[in-house]
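Student: Okay, so here is protein_10.cif, and as you'll see once you scroll down, it has mmCIF, C-alpha atoms.
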```cif
data_target
#
loop_
_atom_site.group_PDB
_atom_site.id
_atom_site.type_symbol
_atom_site.label_atom_id
_atom_site.label_comp_id
_atom_site.auth_asym_id
_atom_site.auth_seq_id
_atom_site.Cartn_x
_atom_site.Cartn_y
_atom_site.Cartn_z
ATOM 1 C CA MET P 1 -8.276 20.386 -90.307
ATOM 2 C CA SER P 2 -11.736 20.594 -88.705
ATOM 3 C CA PHE P 3 -14.495 22.818 -90.059
ATOM 4 C CA ARG P 4 -14.256 25.150 -87.036
ATOM 5 C CA GLU P 5 -10.527 25.653 -87.545
ATOM 6 C CA LYS P 6 -11.160 26.356 -91.222
ATOM 7 C CA ALA P 7 -13.812 28.896 -90.151
ATOM 8 C CA ALA P 8 -11.259 30.642 -87.913
ATOM 9 C CA TRP P 9 -8.760 30.784 -90.787
ATOM 10 C CA ILE P 10 -11.492 32.126 -93.089
ATOM 11 C CA THR P 11 -12.290 34.910 -90.613
ATOM 12 C CA LEU P 12 -8.613 35.782 -90.165
ATOM 13 C CA VAL P 13 -7.903 35.916 -93.901
ATOM 14 C CA SER P 14 -11.091 37.823 -94.800
ATOM 15 C CA VAL P 15 -10.575 40.409 -92.055
ATOM 16 C CA LEU P 16 -6.912 40.900 -93.005
ATOM 17 C CA LEU P 17 -7.729 41.217 -96.701
ATOM 18 C CA CYS P 18 -10.816 43.410 -96.591
ATOM 19 C CA PHE P 19 -10.073 45.666 -93.646
ATOM 20 C CA GLY P 20 -6.345 45.691 -94.362
ATOM 21 C CA VAL P 21 -7.212 47.326 -97.678
ATOM 22 C CA TYR P 22 -9.647 49.728 -95.981
ATOM 23 C CA PHE P 23 -7.395 50.904 -93.154
ATOM 24 C CA GLY P 24 -4.316 50.833 -95.376
ATOM 25 C CA THR P 25 -5.987 53.196 -97.830
ATOM 26 C CA VAL P 26 -7.483 55.480 -95.176
ATOM 27 C CA PHE P 27 -4.380 55.777 -92.980
ATOM 28 C CA SER P 28 -2.014 56.250 -95.931
ATOM 29 C CA GLY P 29 -4.126 59.228 -96.998
ATOM 30 C CA GLY P 30 -5.075 57.567 -100.276
ATOM 31 C CA LEU P 31 -8.504 59.200 -100.236
ATOM 32 C CA HIS P 32 -7.194 62.719 -99.433
ATOM 33 C CA GLY P 33 -9.801 63.143 -96.684
ATOM 34 C CA ASP P 34 -12.709 62.654 -99.100
ATOM 35 C CA GLY P 35 -15.531 61.580 -96.795
ATOM 36 C CA ARG P 36 -17.779 60.282 -99.564
ATOM 37 C CA ALA P 37 -15.021 58.127 -101.094
ATOM 38 C CA ASN P 38 -14.208 56.881 -97.609
ATOM 39 C CA GLY P 39 -17.842 55.879 -97.091
ATOM 40 C CA TRP P 40 -17.998 53.998 -100.388
ATOM 41 C CA LEU P 41 -14.710 52.245 -99.692
ATOM 42 C CA PHE P 42 -16.076 51.214 -96.291
ATOM 43 C CA VAL P 43 -19.260 49.814 -97.850
ATOM 44 C CA ALA P 44 -17.243 47.992 -100.532
ATOM 45 C CA CYS P 45 -14.893 46.452 -97.944
ATOM 46 C CA VAL P 46 -17.743 45.338 -95.665
ATOM 47 C CA GLY P 47 -19.549 43.894 -98.705
ATOM 48 C CA ALA P 48 -16.403 42.062 -99.827
ATOM 49 C CA PHE P 49 -15.946 40.758 -96.267
ATOM 50 C CA VAL P 50 -19.502 39.351 -96.160
ATOM 51 C CA VAL P 51 -19.158 37.752 -99.616
ATOM 52 C CA LEU P 52 -15.761 36.244 -98.725
ATOM 53 C CA GLN P 53 -17.024 34.896 -95.402
ATOM 54 C CA ILE P 54 -20.130 33.305 -96.929
ATOM 55 C CA GLY P 55 -18.318 31.958 -99.996
ATOM 56 C CA LEU P 56 -15.373 30.479 -98.125
ATOM 57 C CA THR P 57 -17.584 29.075 -95.332
ATOM 58 C CA LEU P 58 -19.761 27.319 -97.919
ATOM 59 C CA ALA P 59 -16.605 25.956 -99.558
ATOM 60 C CA ALA P 60 -15.386 24.722 -96.153
ATOM 61 C CA MET P 61 -18.767 23.084 -95.481
ATOM 62 C CA TRP P 62 -18.541 21.395 -98.876
ATOM 63 C CA THR P 63 -15.104 19.939 -98.119
ATOM 64 C CA THR P 64 -16.045 18.817 -94.577
ATOM 65 C CA PRO P 65 -19.830 18.309 -94.805
ATOM 66 C CA LYS P 66 -20.212 16.228 -91.619
ATOM 67 C CA ASP P 67 -18.304 18.729 -89.454
ATOM 68 C CA GLY P 68 -20.095 21.668 -91.029
ATOM 69 C CA ARG P 69 -23.546 20.427 -90.070
ATOM 70 C CA SER P 70 -22.780 19.071 -86.605
ATOM 71 C CA PRO P 71 -22.823 21.249 -83.481
ATOM 72 C CA ARG P 72 -19.556 22.212 -81.761
ATOM 73 C CA ASP P 73 -18.186 19.513 -79.499
ATOM 74 C CA GLU P 74 -16.988 20.326 -75.953
ATOM 75 C CA ARG P 75 -13.394 21.169 -76.975
ATOM 76 C CA GLU P 76 -14.601 23.475 -79.734
ATOM 77 C CA GLN P 77 -16.999 25.174 -77.306
ATOM 78 C CA LEU P 78 -14.152 25.702 -74.815
ATOM 79 C CA ILE P 79 -11.912 27.130 -77.526
ATOM 80 C CA LYS P 80 -14.691 29.496 -78.568
ATOM 81 C CA ALA P 81 -15.304 30.569 -74.960
ATOM 82 C CA ARG P 82 -11.608 31.126 -74.212
ATOM 83 C CA SER P 83 -10.943 33.068 -77.400
ATOM 84 C CA HIS P 84 -13.968 35.313 -76.821
ATOM 85 C CA THR P 85 -12.923 35.956 -73.228
ATOM 86 C CA LEU P 86 -9.498 37.023 -74.484
ATOM 87 C CA GLY P 87 -11.192 39.140 -77.169
ATOM 88 C CA TYR P 88 -13.346 40.837 -74.527
ATOM 89 C CA TYR P 89 -10.311 41.954 -72.508
ATOM 90 C CA VAL P 90 -8.504 43.120 -75.646
ATOM 91 C CA LEU P 91 -11.561 45.141 -76.673
ATOM 92 C CA VAL P 92 -11.839 46.717 -73.201
ATOM 93 C CA VAL P 93 -8.186 47.811 -73.322
ATOM 94 C CA LEU P 94 -8.528 49.142 -76.874
ATOM 95 C CA VAL P 95 -11.734 51.048 -76.082
ATOM 96 C CA LEU P 96 -10.077 52.603 -73.025
ATOM 97 C CA GLY P 97 -7.190 53.471 -75.359
ATOM 98 C CA LEU P 98 -9.602 55.572 -77.421
ATOM 99 C CA GLY P 99 -9.192 58.197 -74.731
ATOM 100 C CA ILE P 100 -5.538 58.711 -75.717
ATOM 101 C CA PRO P 101 -6.164 60.523 -79.035
ATOM 102 C CA LEU P 102 -8.798 62.633 -77.265
ATOM 103 C CA HIS P 103 -6.208 63.818 -74.732
ATOM 104 C CA LEU P 104 -3.528 64.387 -77.382
ATOM 105 C CA GLY P 105 -5.569 66.988 -79.210
ATOM 106 C CA HIS P 106 -8.663 67.700 -81.188
ATOM 107 C CA VAL P 107 -10.083 64.559 -82.787
ATOM 108 C CA ALA P 108 -13.062 64.714 -85.110
ATOM 109 C CA ALA P 109 -16.027 62.431 -84.433
ATOM 110 C CA HIS P 110 -15.500 60.493 -87.674
ATOM 111 C CA GLU P 111 -11.850 59.869 -86.735
ATOM 112 C CA LEU P 112 -12.938 58.547 -83.366
ATOM 113 C CA MET P 113 -15.409 56.242 -85.119
ATOM 114 C CA LEU P 114 -12.588 55.059 -87.374
ATOM 115 C CA TYR P 115 -10.427 54.184 -84.357
ATOM 116 C CA ALA P 116 -13.391 52.470 -82.675
ATOM 117 C CA PHE P 117 -13.961 50.374 -85.784
ATOM 118 C CA LEU P 118 -10.241 49.557 -85.884
ATOM 119 C CA ASP P 119 -10.593 48.309 -82.288
ATOM 120 C CA VAL P 120 -13.390 45.960 -83.360
ATOM 121 C CA VAL P 121 -11.334 44.673 -86.294
ATOM 122 C CA ILE P 122 -8.255 44.095 -84.103
ATOM 123 C CA THR P 123 -10.429 42.223 -81.594
ATOM 124 C CA GLY P 124 -11.767 40.018 -84.392
ATOM 125 C CA LEU P 125 -8.203 39.245 -85.472
ATOM 126 C CA VAL P 126 -7.171 38.400 -81.902
ATOM 127 C CA VAL P 127 -10.160 36.061 -81.445
ATOM 128 C CA ALA P 128 -9.525 34.253 -84.760
ATOM 129 C CA THR P 129 -5.770 33.979 -84.070
ATOM 130 C CA ALA P 130 -6.371 32.654 -80.546
ATOM 131 C CA GLN P 131 -8.755 30.022 -81.939
ATOM 132 C CA ILE P 132 -6.242 28.909 -84.562
ATOM 133 C CA VAL P 133 -3.452 28.661 -81.963
ATOM 134 C CA MET P 134 -5.653 26.592 -79.621
ATOM 135 C CA PHE P 135 -6.834 24.316 -82.431
ATOM 136 C CA ARG P 136 -3.200 23.759 -83.520
ATOM 137 C CA ARG P 137 -1.976 23.114 -79.946
ATOM 138 C CA GLY P 138 -4.795 20.691 -79.189
ATOM 139 C CA PHE P 139 -6.380 23.105 -76.730
ATOM 140 C CA MET M 140 0.536 21.751 -72.904
ATOM 141 C CA SER M 141 0.323 18.250 -71.453
ATOM 142 C CA VAL M 142 -2.275 17.299 -68.838
ATOM 143 C CA PRO M 143 -1.600 15.044 -65.809
ATOM 144 C CA ILE M 144 -3.884 12.336 -67.152
ATOM 145 C CA SER M 145 -2.619 9.509 -69.314
ATOM 146 C CA ASN M 146 -4.842 7.299 -71.406
ATOM 147 C CA ARG M 147 -4.844 3.984 -73.253
ATOM 148 C CA ILE M 148 -7.174 5.032 -76.049
ATOM 149 C CA ARG M 149 -4.715 4.166 -78.800
ATOM 150 C CA ARG M 150 -4.195 0.661 -77.394
ATOM 151 C CA LEU M 151 -7.944 0.182 -76.888
ATOM 152 C CA ARG M 152 -8.658 1.300 -80.441
ATOM 153 C CA PHE M 153 -6.093 -1.183 -81.715
ATOM 154 C CA ASP M 154 -7.670 -3.963 -79.639
ATOM 155 C CA ASN M 155 -11.129 -3.111 -81.013
ATOM 156 C CA ASP M 156 -10.576 -4.075 -84.658
ATOM 157 C CA GLU M 157 -8.186 -1.152 -85.173
ATOM 158 C CA MET M 158 -10.956 1.376 -84.747
ATOM 159 C CA THR M 159 -10.013 4.693 -86.332
ATOM 160 C CA GLN M 160 -10.082 8.022 -84.504
ATOM 161 C CA ALA M 161 -12.881 9.108 -86.846
ATOM 162 C CA GLU M 162 -14.969 6.055 -85.928
ATOM 163 C CA LEU M 163 -14.462 6.647 -82.211
ATOM 164 C CA ALA M 164 -15.251 10.337 -82.690
ATOM 165 C CA GLU M 165 -18.511 9.503 -84.434
ATOM 166 C CA LYS M 166 -19.545 7.084 -81.666
ATOM 167 C CA ILE M 167 -19.013 9.677 -78.913
ATOM 168 C CA GLY M 168 -20.282 12.699 -80.866
ATOM 169 C CA MET M 169 -17.001 14.570 -81.215
ATOM 170 C CA THR M 170 -14.667 15.604 -84.008
ATOM 171 C CA ARG M 171 -11.701 13.461 -85.018
ATOM 172 C CA GLN M 172 -9.411 16.338 -84.015
ATOM 173 C CA THR M 173 -10.796 16.315 -80.469
ATOM 174 C CA VAL M 174 -10.233 12.561 -80.167
ATOM 175 C CA ALA M 175 -6.677 13.087 -81.448
ATOM 176 C CA ALA M 176 -6.100 15.822 -78.845
ATOM 177 C CA ILE M 177 -7.438 13.580 -76.031
ATOM 178 C CA GLU M 178 -5.339 10.635 -77.212
ATOM 179 C CA ALA M 179 -2.199 12.795 -77.375
ATOM 180 C CA GLY M 180 -2.822 14.042 -73.818
ATOM 181 C CA LYS M 181 -3.281 17.621 -74.974
ATOM 182 C CA TYR M 182 -6.887 17.922 -73.858
ATOM 183 C CA SER M 183 -8.696 16.518 -70.820
ATOM 184 C CA PRO M 184 -12.220 15.458 -71.766
ATOM 185 C CA SER M 185 -15.232 16.142 -69.584
ATOM 186 C CA LEU M 186 -16.369 13.372 -67.260
ATOM 187 C CA GLU M 187 -19.306 12.665 -69.569
ATOM 188 C CA ALA M 188 -17.034 12.314 -72.618
ATOM 189 C CA ALA M 189 -14.667 10.091 -70.628
ATOM 190 C CA PHE M 190 -17.537 7.775 -69.684
ATOM 191 C CA ARG M 191 -18.710 7.719 -73.294
ATOM 192 C CA ILE M 192 -15.252 6.633 -74.459
ATOM 193 C CA ALA M 193 -15.093 3.907 -71.799
ATOM 194 C CA GLU M 194 -18.580 2.740 -72.819
ATOM 195 C CA VAL M 195 -17.548 2.424 -76.477
ATOM 196 C CA PHE M 196 -14.691 0.097 -75.499
ATOM 197 C CA GLY M 197 -16.810 -1.716 -72.883
ATOM 198 C CA VAL M 198 -14.304 -1.167 -70.087
ATOM 199 C CA PRO M 199 -14.370 0.738 -66.765
ATOM 200 C CA LEU M 200 -13.218 4.368 -66.806
ATOM 201 C CA GLU M 201 -9.950 3.617 -64.980
ATOM 202 C CA LYS M 202 -8.944 1.243 -67.777
ATOM 203 C CA VAL M 203 -9.030 4.172 -70.190
ATOM 204 C CA PHE M 204 -7.737 7.097 -68.123
ATOM 205 C CA GLN M 205 -5.100 7.112 -65.385
ATOM 206 C CA TRP M 206 -4.162 9.990 -63.080
ATOM 207 C CA ARG M 207 -0.416 10.672 -63.216
ATOM 208 C CA GLY M 208 -0.425 13.341 -60.516
#
```
Could you write out this file's structure as C-alpha coordinates?
Tutor:
Amino acid sequence: MSFREKAAWITLVSVLLCFGVYFGTVFSGGLHGDGRANGWLFVACVGAFVVLQIGLTLAAMWTTPKDGRSPRDEREQLIKARSHTLGYYVLVVLVLGLGIPLHLGHVAAHELMLYAFLDVVITGLVVATAQIVMFRRGF
Amino acid sequence: MSVPISNRIRRLRFDNDEMTQAELAEKIGMTRQTVAAIEAGKYSPSLEAAFRIAEVFGVPLEKVFQWRG
(Lines of atoms letter the chains of each structure in order from A and count residues from 1; the text may use other names and numbers.)
(Lines give C-alpha, C1' and ligand atoms only; values in the text may rest on other atoms or scores of the structure.)
Protein backbone atom coordinates (compact mmCIF):
# COMPACT_ATOMS: atom_id res chain seq x y z
CA MET A 1 0.00 0.00 0.00
CA SER A 2 1.45 3.38 -1.01
CA PHE A 3 1.91 6.24 1.45
CA ARG A 4 -0.88 8.27 -0.22
CA GLU A 5 -3.35 5.40 0.11
CA LYS A 6 -2.36 5.01 3.76
CA ALA A 7 -2.94 8.77 4.19
CA ALA A 8 -6.46 8.40 2.74
CA TRP A 9 -7.19 5.52 5.13
CA ILE A 10 -5.82 7.59 8.03
CA THR A 11 -8.14 10.48 7.15
CA LEU A 12 -11.14 8.17 6.80
CA VAL A 13 -10.53 6.41 10.12
CA SER A 14 -9.72 9.60 12.07
CA VAL A 15 -12.77 11.44 10.74
CA LEU A 16 -15.06 8.47 11.46
CA LEU A 17 -13.66 8.03 14.97
CA CYS A 18 -13.44 11.62 16.14
CA PHE A 19 -16.45 13.18 14.46
CA GLY A 20 -18.50 10.01 14.76
CA VAL A 21 -18.16 10.40 18.52
CA TYR A 22 -18.97 14.13 18.32
CA PHE A 23 -22.07 13.91 16.12
CA GLY A 24 -23.20 10.68 17.78
CA THR A 25 -23.17 12.38 21.17
CA VAL A 26 -24.75 15.63 19.98
CA PHE A 27 -27.52 14.07 17.87
CA SER A 28 -28.40 11.44 20.48
CA GLY A 29 -28.98 14.27 22.96
CA GLY A 30 -26.18 13.06 25.22
CA LEU A 31 -25.31 16.61 26.24
CA HIS A 32 -28.94 17.65 26.98
CA GLY A 33 -28.51 20.86 24.96
CA ASP A 34 -25.65 22.08 27.16
CA GLY A 35 -23.86 24.55 24.90
CA ARG A 36 -20.69 24.72 26.98
CA ALA A 37 -20.31 20.92 27.12
CA ASN A 38 -20.96 20.83 23.39
CA GLY A 39 -18.18 23.36 22.82
CA TRP A 40 -15.70 21.41 24.92
CA LEU A 41 -16.61 18.15 23.21
CA PHE A 42 -16.07 19.86 19.85
CA VAL A 43 -12.64 21.13 20.91
CA ALA A 44 -11.70 17.70 22.29
CA CYS A 45 -12.79 15.93 19.08
CA VAL A 46 -10.94 18.39 16.82
CA GLY A 47 -7.85 18.05 19.05
CA ALA A 48 -8.07 14.25 18.93
CA PHE A 49 -8.48 14.43 15.14
CA VAL A 50 -5.33 16.56 14.74
CA VAL A 51 -3.30 14.30 17.07
CA LEU A 52 -4.53 11.15 15.28
CA GLN A 53 -3.79 12.59 11.84
CA ILE A 54 -0.27 13.71 12.78
CA GLY A 55 0.56 10.55 14.73
CA LEU A 56 -0.71 8.10 12.13
CA THR A 57 0.80 10.08 9.23
CA LEU A 58 4.20 10.03 10.94
CA ALA A 59 3.79 6.28 11.49
CA ALA A 60 2.92 5.85 7.80
CA MET A 61 5.96 7.91 6.78
CA TRP A 62 8.11 5.72 9.02
CA THR A 63 6.86 2.51 7.38
CA THR A 64 7.17 3.89 3.82
CA PRO A 65 9.90 6.54 4.14
CA LYS A 66 10.69 6.86 0.41
CA ASP A 67 7.03 7.37 -0.57
CA GLY A 68 6.44 9.75 2.31
CA ARG A 69 9.15 12.17 1.23
CA SER A 70 8.62 12.05 -2.53
CA PRO A 71 6.09 14.25 -4.33
CA ARG A 72 2.87 12.75 -5.73
CA ASP A 73 3.33 11.06 -9.08
CA GLU A 74 0.92 11.73 -11.98
CA ARG A 75 -1.56 8.97 -11.03
CA GLU A 76 -1.68 10.16 -7.43
CA GLN A 77 -2.22 13.75 -8.61
CA LEU A 78 -5.09 12.62 -10.85
CA ILE A 79 -6.67 10.65 -8.01
CA LYS A 80 -6.40 13.70 -5.76
CA ALA A 81 -7.92 15.96 -8.43
CA ARG A 82 -10.80 13.58 -9.19
CA SER A 83 -11.65 12.96 -5.55
CA HIS A 84 -11.64 16.69 -4.78
CA THR A 85 -13.85 17.42 -7.78
CA LEU A 86 -16.32 14.83 -6.50
CA GLY A 87 -16.03 16.33 -3.01
CA TYR A 88 -16.78 19.80 -4.40
CA TYR A 89 -20.06 18.66 -5.98
CA VAL A 90 -21.05 16.76 -2.83
CA LEU A 91 -20.36 19.86 -0.73
CA VAL A 92 -22.42 22.06 -3.09
CA VAL A 93 -25.40 19.69 -2.83
CA LEU A 94 -25.08 19.43 0.96
CA VAL A 95 -24.78 23.21 1.41
CA LEU A 96 -27.86 23.73 -0.77
CA GLY A 97 -29.53 21.10 1.43
CA LEU A 98 -28.98 23.38 4.43
CA GLY A 99 -31.98 25.31 3.17
CA ILE A 100 -34.27 22.35 3.94
CA PRO A 101 -34.20 22.64 7.76
CA LEU A 102 -34.70 26.40 7.37
CA HIS A 103 -37.91 25.82 5.41
CA LEU A 104 -39.14 23.09 7.77
CA GLY A 105 -39.25 25.41 10.75
CA HIS A 106 -37.30 27.54 13.12
CA VAL A 107 -33.64 26.52 13.27
CA ALA A 108 -31.24 28.16 15.68
CA ALA A 109 -27.97 29.57 14.33
CA HIS A 110 -25.88 27.07 16.29
CA GLU A 111 -27.92 24.18 14.84
CA LEU A 112 -27.32 25.51 11.35
CA MET A 113 -23.59 25.69 12.11
CA LEU A 114 -23.74 22.09 13.32
CA TYR A 115 -25.33 20.97 10.05
CA ALA A 116 -22.80 23.00 8.06
CA PHE A 117 -19.96 21.33 9.94
CA LEU A 118 -21.58 17.94 9.32
CA ASP A 119 -21.55 18.80 5.59
CA VAL A 120 -17.81 19.45 5.75
CA VAL A 121 -17.21 16.17 7.59
CA ILE A 122 -19.32 14.19 5.10
CA THR A 123 -17.40 15.80 2.23
CA GLY A 124 -14.11 14.78 3.86
CA LEU A 125 -15.37 11.21 4.14
CA VAL A 126 -16.47 11.17 0.49
CA VAL A 127 -13.08 12.50 -0.68
CA ALA A 128 -11.12 9.95 1.39
CA THR A 129 -13.41 7.07 0.31
CA ALA A 130 -13.15 8.07 -3.36
CA GLN A 131 -9.35 8.14 -3.08
CA ILE A 132 -9.25 4.69 -1.48
CA VAL A 133 -11.56 3.24 -4.16
CA MET A 134 -9.42 4.72 -6.97
CA PHE A 135 -6.17 3.54 -5.38
CA ARG A 136 -7.63 0.01 -5.00
CA ARG A 137 -9.00 -0.07 -8.58
CA GLY A 138 -5.74 1.18 -10.07
CA PHE A 139 -7.31 4.50 -11.03
CA MET B 1 -11.68 -0.36 -15.68
CA SER B 2 -9.42 -1.48 -18.52
CA VAL B 3 -7.95 0.97 -21.03
CA PRO B 4 -7.63 0.32 -24.80
CA ILE B 5 -3.85 0.29 -24.60
CA SER B 6 -1.88 -2.89 -24.07
CA ASN B 7 1.73 -2.97 -22.99
CA ARG B 8 4.73 -5.29 -22.83
CA ILE B 9 6.23 -3.86 -19.66
CA ARG B 10 6.22 -7.18 -17.83
CA ARG B 11 8.05 -8.90 -20.70
CA LEU B 12 10.52 -6.01 -21.01
CA ARG B 13 11.22 -6.09 -17.29
CA PHE B 14 11.88 -9.81 -17.50
CA ASP B 15 14.24 -9.28 -20.45
CA ASN B 16 16.13 -6.58 -18.52
CA ASP B 17 17.62 -8.75 -15.77
CA GLU B 18 14.18 -9.32 -14.22
CA MET B 19 13.88 -5.69 -13.21
CA THR B 20 11.35 -5.29 -10.40
CA GLN B 21 8.39 -2.91 -10.53
CA ALA B 22 10.01 -0.94 -7.70
CA GLU B 23 13.23 -0.54 -9.69
CA LEU B 24 11.35 0.63 -12.78
CA ALA B 25 9.27 2.97 -10.63
CA GLU B 26 12.39 4.53 -9.15
CA LYS B 27 13.94 5.05 -12.60
CA ILE B 28 10.87 6.89 -13.93
CA GLY B 29 10.02 8.77 -10.72
CA MET B 30 6.77 7.01 -9.88
CA THR B 31 5.45 4.75 -7.15
CA ARG B 32 5.54 0.97 -7.49
CA GLN B 33 1.73 0.97 -7.30
CA THR B 34 1.50 3.25 -10.34
CA VAL B 35 3.82 1.00 -12.34
CA ALA B 36 1.67 -1.98 -11.30
CA ALA B 37 -1.48 -0.16 -12.44
CA ILE B 38 0.11 0.71 -15.82
CA GLU B 39 1.37 -2.85 -16.29
CA ALA B 40 -2.07 -4.28 -15.46
CA GLY B 41 -3.70 -1.95 -18.01
CA LYS B 42 -5.70 -0.15 -15.34
CA TYR B 43 -4.08 3.23 -15.86
CA SER B 44 -2.88 4.98 -19.02
CA PRO B 45 0.32 6.90 -18.33
CA SER B 46 0.98 10.37 -19.68
CA LEU B 47 2.99 10.64 -22.88
CA GLU B 48 5.99 11.82 -20.87
CA ALA B 49 5.81 8.81 -18.53
CA ALA B 50 5.40 6.48 -21.52
CA PHE B 51 8.55 7.89 -23.13
CA ARG B 52 10.41 7.56 -19.83
CA ILE B 53 9.47 3.88 -19.60
CA ALA B 54 10.56 3.26 -23.21
CA GLU B 55 13.84 5.08 -22.50
CA VAL B 56 14.57 2.86 -19.48
CA PHE B 57 14.24 -0.25 -21.66
CA GLY B 58 16.06 1.38 -24.60
CA VAL B 59 13.28 0.63 -27.08
CA PRO B 60 10.90 2.78 -29.17
CA LEU B 61 7.55 3.71 -27.61
CA GLU B 62 5.56 1.37 -29.88
CA LYS B 63 7.55 -1.59 -28.55
CA VAL B 64 6.19 -0.85 -25.08
CA PHE B 65 2.63 0.33 -25.73
CA GLN B 66 0.18 -0.82 -28.40
CA TRP B 67 -3.21 0.69 -29.25
CA ARG B 68 -5.93 -1.97 -29.17
CA GLY B 69 -8.72 0.32 -30.38
Student: Please provide as a VMD selection string all residues within 12 Å of stretch 10-26 of chain P, with the sequence filter that same-chain residues fewer than 4 positions apart are discarded (counting only C-alpha atoms).
Tutor: chain P and resid 3 to 6 30 to 35 37 to 61 111 114 to 115 117 to 132
Student: Could you tell me which residues the PyMOL selection byres ((chain P) within 10 of (chain M)) returns for this structure, as a list of chain:residue names?
Tutor: P:Met1, P:Ser2, P:Phe3, P:Lys66, P:Asp67, P:Ser70, P:Pro71, P:Arg72, P:Asp73, P:Glu74, P:Arg75, P:Glu76, P:Phe135, P:Arg136, P:Arg137, P:Gly138, P:Phe139
Student: Quick check, in Å to one decimal: how far apart do atom CA of P:Leu112 and atom CA of P:Gly99 lie?
Tutor: 9.4 Å
Student: Which residues are near M:Leu151? Cut-off 9 Å, only C-alpha atoms, ignore same chain within fewer than 6 positions. Put them as a ChimeraX atom specification.
Tutor: /M:157-158,196,203
Student: What is the atom CA of P:His103 to atom CA of P:Gly87 distance in Å?
Tutor: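 Atom CA of P:Gly87 lies 25.3 Å from atom CA of P:His103.
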Student: In Å, how far is it from atom CA of M:Arg147 to atom CA of M:Gln205?
Tutor: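 Distance between the two atoms: 8.5 Å.
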